[in-house]
Number of protein chains: 2
Amino acid sequence: MPFLSGTPPFRPEHPVFAIVLGNTLLSTVPGVSGAGISPEKTVLTPVLDSELITHGAIRSRKWKPNTPTGCPTPAVITRAMMVLLGMEPLFINAGLTTRPVIPCLDVYGEPGRDPRDDDAVPRARDLYARGEQVGRFLSRFSDLLVLGECVPGGTTTALCVLRGLGIPASVSSSFVNNPVALKEAICARVQERIRAGAADGIRAGGPGDPLDIIRIGGDPMLAVAAGIVSSFKGDMVLAGGTQMLAVAAVVRGLGKKLPSLVTTVYVRDDPSAGFTTTAEMIGARVYYVDPDLAAIGHKGLARYCEGEVKEGIGAGGAMFLARIMGKSDREIRDTILATVSAY
Amino acid sequence: MPFLSGTPPFRPEHPVFAIVLGNTLLSTVPGVSGAGISPEKTVLTPVLDSELITHGAIRSRKWKPNTPTGCPTPAVITRAMMVLLGMEPLFINAGLTTRPVIPCLDVYGEPGRDPRDDDAVPRARDLYARGEQVGRFLSRFSDLLVLGECVPGGTTTALCVLRGLGIPASVSSSFVNNPVALKEAICARVQERIRAGAADGIRAGGPGDPLDIIRIGGDPMLAVAAGIVSSFKGDMVLAGGTQMLAVAAVVRGLGKKLPSLVTTVYVRDDPSAGFTTTAEMIGARVYYVDPDLAAIGHKGLARYCEGEVKEGIGAGGAMFLARIMGKSDREIRDTILATVSAY
């Protein structure tokens, strides 16, 4: 496959690369998320990744946001592309358990709660409105917004929201062996709560109000990203896997214009994720990036090709942006190798 | 006087209007600040003002950020200009006691402590670095940055920093009768601490390191604003009174390029503030805005001309920006009257 699966029509003069950071307490449930060296530490990954992307190193803690098996965070790829493009990414704090160590555009949300027991995002509607404000603000300065995300455990909340919207999706995982049974059990419980919520104001017998579904079973990133997409006036590309499919599904459910998506071929080729099928159901245009990490000369990155990590914190979108800004395959791969070797 | 005291050379294509919000616990000392209906409630003014500017109304609380005598907040003027220009302002959270209700670019600082007892901003150097990051980010999108501030009690920390830098300044106040004796007593105590700090690493016998002076006696806004000024690449205008003179003095002390300043004639004409004298000592170019609030047809605003409030939360800078973006005196004044009447 070529580096990029299609030729996007974008010729941006003022692109913005932004990443929505959030937490769901689901990531601390053992087995749900591989985005961190242990379940309890997964919640720190967005803060560590944003520090790494900004400074090229993690100074605030002594350990690195690797997987339990030592696979490097996809933030090294995002960092490499920002360096190559000379860009400053914008981090958007949708609701974190930990205080960031670098500046974020903060909408003052809270981390998502465990959706099995409680409303996950009680203020979903308010966070959506704040996302809309962010989108309006960015519209004044940018003609292309590439929006990534980092939410450990977020593929499970994405599954809950996609199913809640009536889309028979499956989801990707940063684990090689996707813990499908665990995710399905969580999702089944959340669907019960959504059906119970139907009696409580959500329209029964059909797709409910997307923001109510996020309230019951989502995470703060989904609400904020949907708000940004709804109000941003320029070209918009969601960078990520099944989590961004959930954002697109919410946006479609709200009757707004669908954004494009970009992700890596490693997400596309994950048989348990069913990414392309879900994207077709939603009707979103998807670009796939194939950086050929197996050939790049780094063992940890090569494991992305075997199905570990696959994508995250806008890595696919960052490579996509580098490409449409005129960088060659060679420049992109060389910069990734130099960055991951220093890390 | 004409509406604007000079003709600025700026012809911006992508202006950004930003306001740095911060707190110093000094504002809760009775008599220091008039920016709120009581000393304890002054700390809420930045959050309420930013809500008013964004939404045109305060929904999060039942009361308004007026002075003890009922004079309206200058945020109504800033709000009016944003409406007239169709702009979304950017709020920057440098360190607040209360959580904002609208999105802010947050550098994750803390409110300034009482500088009589303790280092006011222990992380001043770190906040300066985060301000630099914000300035670098905004440089990519904007060719003119008008930067205002809202820090209740901030004229007193500004006095401490200006004096600490060896500038024999006096400062303005939102009170008609500037509580000079109280401010001087606070300042004298802080100068002692700065001199003691000299033994502790600050260069003795001359102006100390400006960021150490902020650490000992300033507030978080001063550190963040100085960082932004130091790294922003386009044209830069600091909007405000003596607090922005302190930022300019810090920037000069750091050997960086001086920004322009803009404020209202009500600050210029406050005899206790000595604004023009201090500006000349620092060497900053200042534009003065004369909106002729006495003639606008609103009793509360007319009191600005008698020396109450005078300026705040970028009001002078917002009128300045409206003017250089081609709005007439008449449009500016009519919009202010309509906004304050609805408030």
# chains A, B, ... in the order shown; residues from 1 in each chain; ligands from 1

$ select_by_dssp --residues "segment 51-255 of chain A" --states "strand (DSSP E)" --output "list of chain:residue names"
A:Leu90, A:Phe91, A:Ile92, A:Asn93, A:Ala94, A:Gly95, A:Cys104, A:Leu105, A:Asp106, A:Leu144, A:Leu145, A:Val146, A:Leu147, A:Gly148, A:Glu149, A:Cys150, A:Asp235, A:Met236, A:Val237, A:Leu238, A:Ala239

$ write_last_selection --atoms "N, CA, C and O atoms" --output "PDB file, in the first residue's frame"
ATOM      1  N   LEU A  90      -1.984  21.579  19.997  1.00  0.00           N
ATOM      2  CA  LEU A  90      -2.860  22.133  21.043  1.00  0.00           C
ATOM      3  C   LEU A  90      -3.485  20.973  21.802  1.00  0.00           C
ATOM      4  O   LEU A  90      -4.158  20.128  21.196  1.00  0.00           O
ATOM      5  N   PHE A  91      -3.280  20.923  23.109  1.00  0.00           N
ATOM      6  CA  PHE A  91      -3.922  19.896  23.924  1.00  0.00           C
ATOM      7  C   PHE A  91      -5.201  20.460  24.536  1.00  0.00           C
ATOM      8  O   PHE A  91      -5.208  21.591  25.008  1.00  0.00           O
ATOM      9  N   ILE A  92      -6.244  19.644  24.493  1.00  0.00           N
ATOM     10  CA  ILE A  92      -7.541  20.057  25.038  1.00  0.00           C
ATOM     11  C   ILE A  92      -7.885  19.108  26.178  1.00  0.00           C
ATOM     12  O   ILE A  92      -7.963  17.895  25.980  1.00  0.00           O
ATOM     13  N   ASN A  93      -8.032  19.654  27.359  1.00  0.00           N
ATOM     14  CA  ASN A  93      -8.328  18.840  28.546  1.00  0.00           C
ATOM     15  C   ASN A  93      -9.843  18.710  28.698  1.00  0.00           C
ATOM     16  O   ASN A  93     -10.530  19.651  29.078  1.00  0.00           O
ATOM     17  N   ALA A  94     -10.357  17.505  28.395  1.00  0.00           N
ATOM     18  CA  ALA A  94     -11.800  17.266  28.489  1.00  0.00           C
ATOM     19  C   ALA A  94     -12.211  16.793  29.871  1.00  0.00           C
ATOM     20  O   ALA A  94     -13.377  16.908  30.257  1.00  0.00           O
ATOM     21  N   GLY A  95     -11.248  16.272  30.652  1.00  0.00           N
ATOM     22  CA  GLY A  95     -11.565  15.753  31.976  1.00  0.00           C
ATOM     23  C   GLY A  95     -10.551  14.690  32.365  1.00  0.00           C
ATOM     24  O   GLY A  95     -10.648  13.560  31.904  1.00  0.00           O
ATOM     25  N   CYS A 104      -2.952  23.414  28.575  1.00  0.00           N
ATOM     26  CA  CYS A 104      -4.049  22.803  27.814  1.00  0.00           C
ATOM     27  C   CYS A 104      -5.192  23.795  27.697  1.00  0.00           C
ATOM     28  O   CYS A 104      -5.443  24.556  28.630  1.00  0.00           O
ATOM     29  N   LEU A 105      -5.906  23.722  26.598  1.00  0.00           N
ATOM     30  CA  LEU A 105      -7.186  24.408  26.526  1.00  0.00           C
ATOM     31  C   LEU A 105      -8.145  23.541  27.338  1.00  0.00           C
ATOM     32  O   LEU A 105      -8.455  22.415  26.952  1.00  0.00           O
ATOM     33  N   ASP A 106      -8.561  24.051  28.498  1.00  0.00           N
ATOM     34  CA  ASP A 106      -9.289  23.221  29.464  1.00  0.00           C
ATOM     35  C   ASP A 106     -10.769  23.599  29.434  1.00  0.00           C
ATOM     36  O   ASP A 106     -11.114  24.771  29.548  1.00  0.00           O
ATOM     37  N   LEU A 144      -7.881  23.993   8.615  1.00  0.00           N
ATOM     38  CA  LEU A 144      -7.894  22.524   8.720  1.00  0.00           C
ATOM     39  C   LEU A 144      -7.575  22.139  10.160  1.00  0.00           C
ATOM     40  O   LEU A 144      -6.527  22.498  10.691  1.00  0.00           O
ATOM     41  N   LEU A 145      -8.495  21.406  10.753  1.00  0.00           N
ATOM     42  CA  LEU A 145      -8.273  20.926  12.119  1.00  0.00           C
ATOM     43  C   LEU A 145      -8.152  19.412  12.097  1.00  0.00           C
ATOM     44  O   LEU A 145      -9.088  18.708  11.702  1.00  0.00           O
ATOM     45  N   VAL A 146      -6.968  18.912  12.481  1.00  0.00           N
ATOM     46  CA  VAL A 146      -6.770  17.473  12.662  1.00  0.00           C
ATOM     47  C   VAL A 146      -6.856  17.220  14.167  1.00  0.00           C
ATOM     48  O   VAL A 146      -6.078  17.770  14.946  1.00  0.00           O
ATOM     49  N   LEU A 147      -7.855  16.422  14.553  1.00  0.00           N
ATOM     50  CA  LEU A 147      -8.171  16.271  15.974  1.00  0.00           C
ATOM     51  C   LEU A 147      -7.947  14.830  16.420  1.00  0.00           C
ATOM     52  O   LEU A 147      -8.661  13.922  15.967  1.00  0.00           O
ATOM     53  N   GLY A 148      -6.957  14.628  17.272  1.00  0.00           N
ATOM     54  CA  GLY A 148      -6.701  13.312  17.845  1.00  0.00           C
ATOM     55  C   GLY A 148      -7.263  13.195  19.255  1.00  0.00           C
ATOM     56  O   GLY A 148      -7.918  14.116  19.748  1.00  0.00           O
ATOM     57  N   GLU A 149      -7.007  12.063  19.900  1.00  0.00           N
ATOM     58  CA  GLU A 149      -7.502  11.879  21.263  1.00  0.00           C
ATOM     59  C   GLU A 149      -6.543  10.987  22.035  1.00  0.00           C
ATOM     60  O   GLU A 149      -5.766  10.232  21.455  1.00  0.00           O
ATOM     61  N   CYS A 150      -6.625  11.061  23.347  1.00  0.00           N
ATOM     62  CA  CYS A 150      -5.945  10.103  24.209  1.00  0.00           C
ATOM     63  C   CYS A 150      -6.820   9.849  25.427  1.00  0.00           C
ATOM     64  O   CYS A 150      -6.945  10.717  26.294  1.00  0.00           O
ATOM     65  N   ASP A 235     -12.077  22.585   7.218  1.00  0.00           N
ATOM     66  CA  ASP A 235     -12.010  21.133   7.018  1.00  0.00           C
ATOM     67  C   ASP A 235     -11.628  20.460   8.331  1.00  0.00           C
ATOM     68  O   ASP A 235     -10.817  20.975   9.092  1.00  0.00           O
ATOM     69  N   MET A 236     -12.193  19.295   8.542  1.00  0.00           N
ATOM     70  CA  MET A 236     -12.060  18.640   9.839  1.00  0.00           C
ATOM     71  C   MET A 236     -11.729  17.173   9.615  1.00  0.00           C
ATOM     72  O   MET A 236     -12.426  16.484   8.853  1.00  0.00           O
ATOM     73  N   VAL A 237     -10.666  16.697  10.259  1.00  0.00           N
ATOM     74  CA  VAL A 237     -10.285  15.291  10.172  1.00  0.00           C
ATOM     75  C   VAL A 237     -10.115  14.738  11.587  1.00  0.00           C
ATOM     76  O   VAL A 237      -9.313  15.258  12.371  1.00  0.00           O
ATOM     77  N   LEU A 238     -10.873  13.693  11.902  1.00  0.00           N
ATOM     78  CA  LEU A 238     -10.722  13.030  13.193  1.00  0.00           C
ATOM     79  C   LEU A 238      -9.626  11.979  13.076  1.00  0.00           C
ATOM     80  O   LEU A 238      -9.685  11.114  12.190  1.00  0.00           O
ATOM     81  N   ALA A 239      -8.642  12.047  13.961  1.00  0.00           N
ATOM     82  CA  ALA A 239      -7.480  11.164  13.868  1.00  0.00           C
ATOM     83  C   ALA A 239      -7.543  10.126  14.977  1.00  0.00           C
ATOM     84  O   ALA A 239      -7.333  10.445  16.139  1.00  0.00           O
TER      85      ALA A 239
END

$ interface_residues --of "chain A" --to "chain B" --cutoff "8 Å" --atoms "only C-alpha atoms" --output "count of residues only"
22

$ select_by_dssp --residues "segment 17-258 of chain A" --states "alpha helix (DSSP H)" --output "ChimeraX atom specification"
/A:45-55,75-85,124-139,154-164,180-199,210-217,220-231,242-253

$ residues_around --residues "Asn66 of chain A" --least-positions-apart "5" --cutoff "7 Å" --atoms "only C-alpha atoms" --output "list in words"
Gly36, Ile37, Cys71, Pro72 and Thr73 of chain A

$ residues_around --residues "Ile213 of chain A" --least-positions-apart "3" --cutoff "7 Å" --atoms "only C-alpha atoms" --output "tab-separated table (two decimals) with N, CA, C and O atoms, in the first residue's frame"
chain	number	residue	atom	x	y	z
A	161	VAL	N	-21.03	3.52	23.41
A	161	VAL	CA	-21.75	4.61	22.75
A	161	VAL	C	-22.20	4.18	21.34
A	161	VAL	O	-23.35	4.43	20.94
A	164	GLY	N	-25.03	1.90	21.80
A	164	GLY	CA	-26.17	2.68	22.29
A	164	GLY	C	-26.85	3.45	21.17
A	164	GLY	O	-28.05	3.73	21.23
A	194	ILE	N	-28.83	2.03	29.38
A	194	ILE	CA	-29.35	2.92	28.34
A	194	ILE	C	-30.83	2.62	28.08
A	194	ILE	O	-31.65	3.52	27.95
A	208	GLY	N	-31.24	6.73	20.60
A	208	GLY	CA	-31.55	7.78	21.56
A	208	GLY	C	-30.83	9.07	21.24
A	208	GLY	O	-30.12	9.16	20.24
A	209	ASP	N	-30.98	10.03	22.07
A	209	ASP	CA	-30.25	11.29	21.94
A	209	ASP	C	-28.77	10.97	22.17
A	209	ASP	O	-28.40	10.46	23.23
A	210	PRO	N	-27.91	11.30	21.20
A	210	PRO	CA	-26.49	10.92	21.34
A	210	PRO	C	-25.84	11.48	22.60
A	210	PRO	O	-24.96	10.82	23.18
A	216	ILE	N	-24.71	8.54	29.77
A	216	ILE	CA	-24.88	7.26	30.46
A	216	ILE	C	-23.63	6.38	30.34
A	216	ILE	O	-23.17	5.80	31.31
A	217	GLY	N	-23.05	6.32	29.11
A	217	GLY	CA	-22.03	5.29	28.92
A	217	GLY	C	-20.74	5.72	28.26
A	217	GLY	O	-19.92	4.87	27.91
A	218	GLY	N	-20.51	7.02	28.08
A	218	GLY	CA	-19.35	7.47	27.31
A	218	GLY	C	-18.20	7.94	28.18
A	218	GLY	O	-17.98	7.47	29.28

$ closest_residue --among "A:Gly6, A:Gly22, A:Gly307, A:Pro291" --to "Thr97 of chain A" --atoms "only C-alpha atoms"
A:Gly22

$ residues_around --residues "Ala226 of chain B" --least-positions-apart "2" --cutoff "12 Å" --atoms "only C-alpha atoms" --output "compact mmCIF listing (two decimals) with C-alpha atoms, in the first residue's frame"
# COMPACT_ATOMS: atom_id res chain seq x y z
CA VAL B 20 -4.85 36.39 31.43
CA ALA B 94 -2.63 31.67 35.12
CA ALA B 124 7.20 31.81 38.80
CA ARG B 125 9.95 30.50 36.52
CA ASP B 126 7.90 27.50 35.45
CA LEU B 127 4.83 29.66 34.78
CA TYR B 128 6.98 31.99 32.70
CA ALA B 129 8.12 28.99 30.62
CA ARG B 130 4.51 27.88 30.15
CA GLY B 131 3.63 31.43 29.09
CA GLU B 132 6.41 31.18 26.51
CA GLN B 133 4.80 28.00 25.17
CA VAL B 134 1.46 29.78 24.87
CA GLY B 135 3.13 32.65 23.02
CA LEU B 147 -3.37 40.84 25.86
CA GLU B 149 -5.60 40.79 32.40
CA PRO B 210 12.71 39.81 37.40
CA LEU B 211 11.36 36.25 37.78
CA ILE B 214 7.70 37.89 40.80
CA GLY B 218 4.12 39.16 42.36
CA ASP B 219 1.16 37.20 41.10
CA PRO B 220 0.80 34.36 38.54
CA MET B 221 -0.53 36.65 35.78
CA LEU B 222 2.72 38.64 35.77
CA ALA B 223 4.81 35.50 35.16
CA VAL B 224 2.54 34.08 32.45
CA ILE B 228 3.80 35.22 26.38
CA VAL B 229 5.30 38.61 25.51
CA SER B 230 8.78 37.11 25.39
CA SER B 231 7.93 34.49 22.79
CA PHE B 232 5.10 35.97 20.68
CA MET B 236 2.02 42.70 20.77
CA LEU B 238 -0.53 44.86 26.53
CA GLN B 243 -0.35 45.89 36.11
CA MET B 244 0.68 45.79 32.48
CA LEU B 245 3.45 48.31 33.20
CA ALA B 246 4.80 45.73 35.64
CA VAL B 247 4.72 43.09 32.89
CA ALA B 248 6.55 45.47 30.54
CA ALA B 249 9.14 46.21 33.24
CA VAL B 250 9.72 42.49 33.77
CA VAL B 251 10.11 41.93 30.03
CA ARG B 252 12.58 44.81 29.82
CA GLY B 253 14.46 43.42 32.81
CA LEU B 254 14.76 40.11 30.98
CA GLY B 255 16.27 41.89 27.98
CA LYS B 256 13.37 41.09 25.66
CA LYS B 257 11.67 43.37 23.13
CA LEU B 258 9.22 45.79 24.78
CA PRO B 259 5.56 45.53 23.72

$ residues_around --residues "Val176 of chain A" --least-positions-apart "5" --cutoff "8 Å" --atoms "only C-alpha atoms" --output "number ranges by chain"
A: 306-309

$ write_last_selection --atoms "N, CA, C and O atoms" --output "short mmCIF file (atom, residue, chain, number, x, y, z; two decimals), in the first residue's frame"
data_model
loop_
_atom_site.label_atom_id
_atom_site.label_comp_id
_atom_site.auth_asym_id
_atom_site.auth_seq_id
_atom_site.Cartn_x
_atom_site.Cartn_y
_atom_site.Cartn_z
N GLU A 306 2.40 -6.07 14.39
CA GLU A 306 1.87 -7.36 14.86
C GLU A 306 0.62 -7.16 15.69
O GLU A 306 0.12 -8.09 16.31
N GLY A 307 0.12 -5.92 15.75
CA GLY A 307 -1.16 -5.70 16.39
C GLY A 307 -1.10 -5.10 17.78
O GLY A 307 -2.11 -4.99 18.45
N GLU A 308 0.08 -4.70 18.23
CA GLU A 308 0.16 -4.07 19.54
C GLU A 308 0.10 -2.54 19.36
O GLU A 308 0.67 -2.00 18.42
N VAL A 309 -0.57 -1.86 20.25
CA VAL A 309 -0.76 -0.41 20.26
C VAL A 309 -1.57 0.05 19.03
O VAL A 309 -2.67 0.54 19.16
#

$ residues_around --residues "Val340 of chain A" --least-positions-apart "6" --cutoff "12 Å" --atoms "only C-alpha atoms" --output "ChimeraX atom specification"
/A:52-53,56-57,66,71-81,293,296-302,333-334

$ atom_distance --atom1 "atom CA of Ala188 of chain A" --atom2 "atom CA of Ser38 of chain A"
25.1 Å

$ closest_residue --among "A:Val171, A:Val151, A:Ala158, A:Ala322" --to "Phe275 of chain A" --atoms "only C-alpha atoms"
A:Val171

$ closest_residue --among "A:Asp117, A:Glu13, A:Asp49, A:Glu184" --to "Ala315 of chain A" --atoms "only C-alpha atoms"
A:Asp49

$ atom_distance --atom1 "atom CA of Val121 of chain B" --atom2 "atom CA of Ile19 of chain B"
19.3 Å

$ closest_residue --among "A:Leu84, A:Ala295, A:Leu162, A:Leu21" --to "Met325 of chain A" --atoms "only C-alpha atoms"
A:Leu84
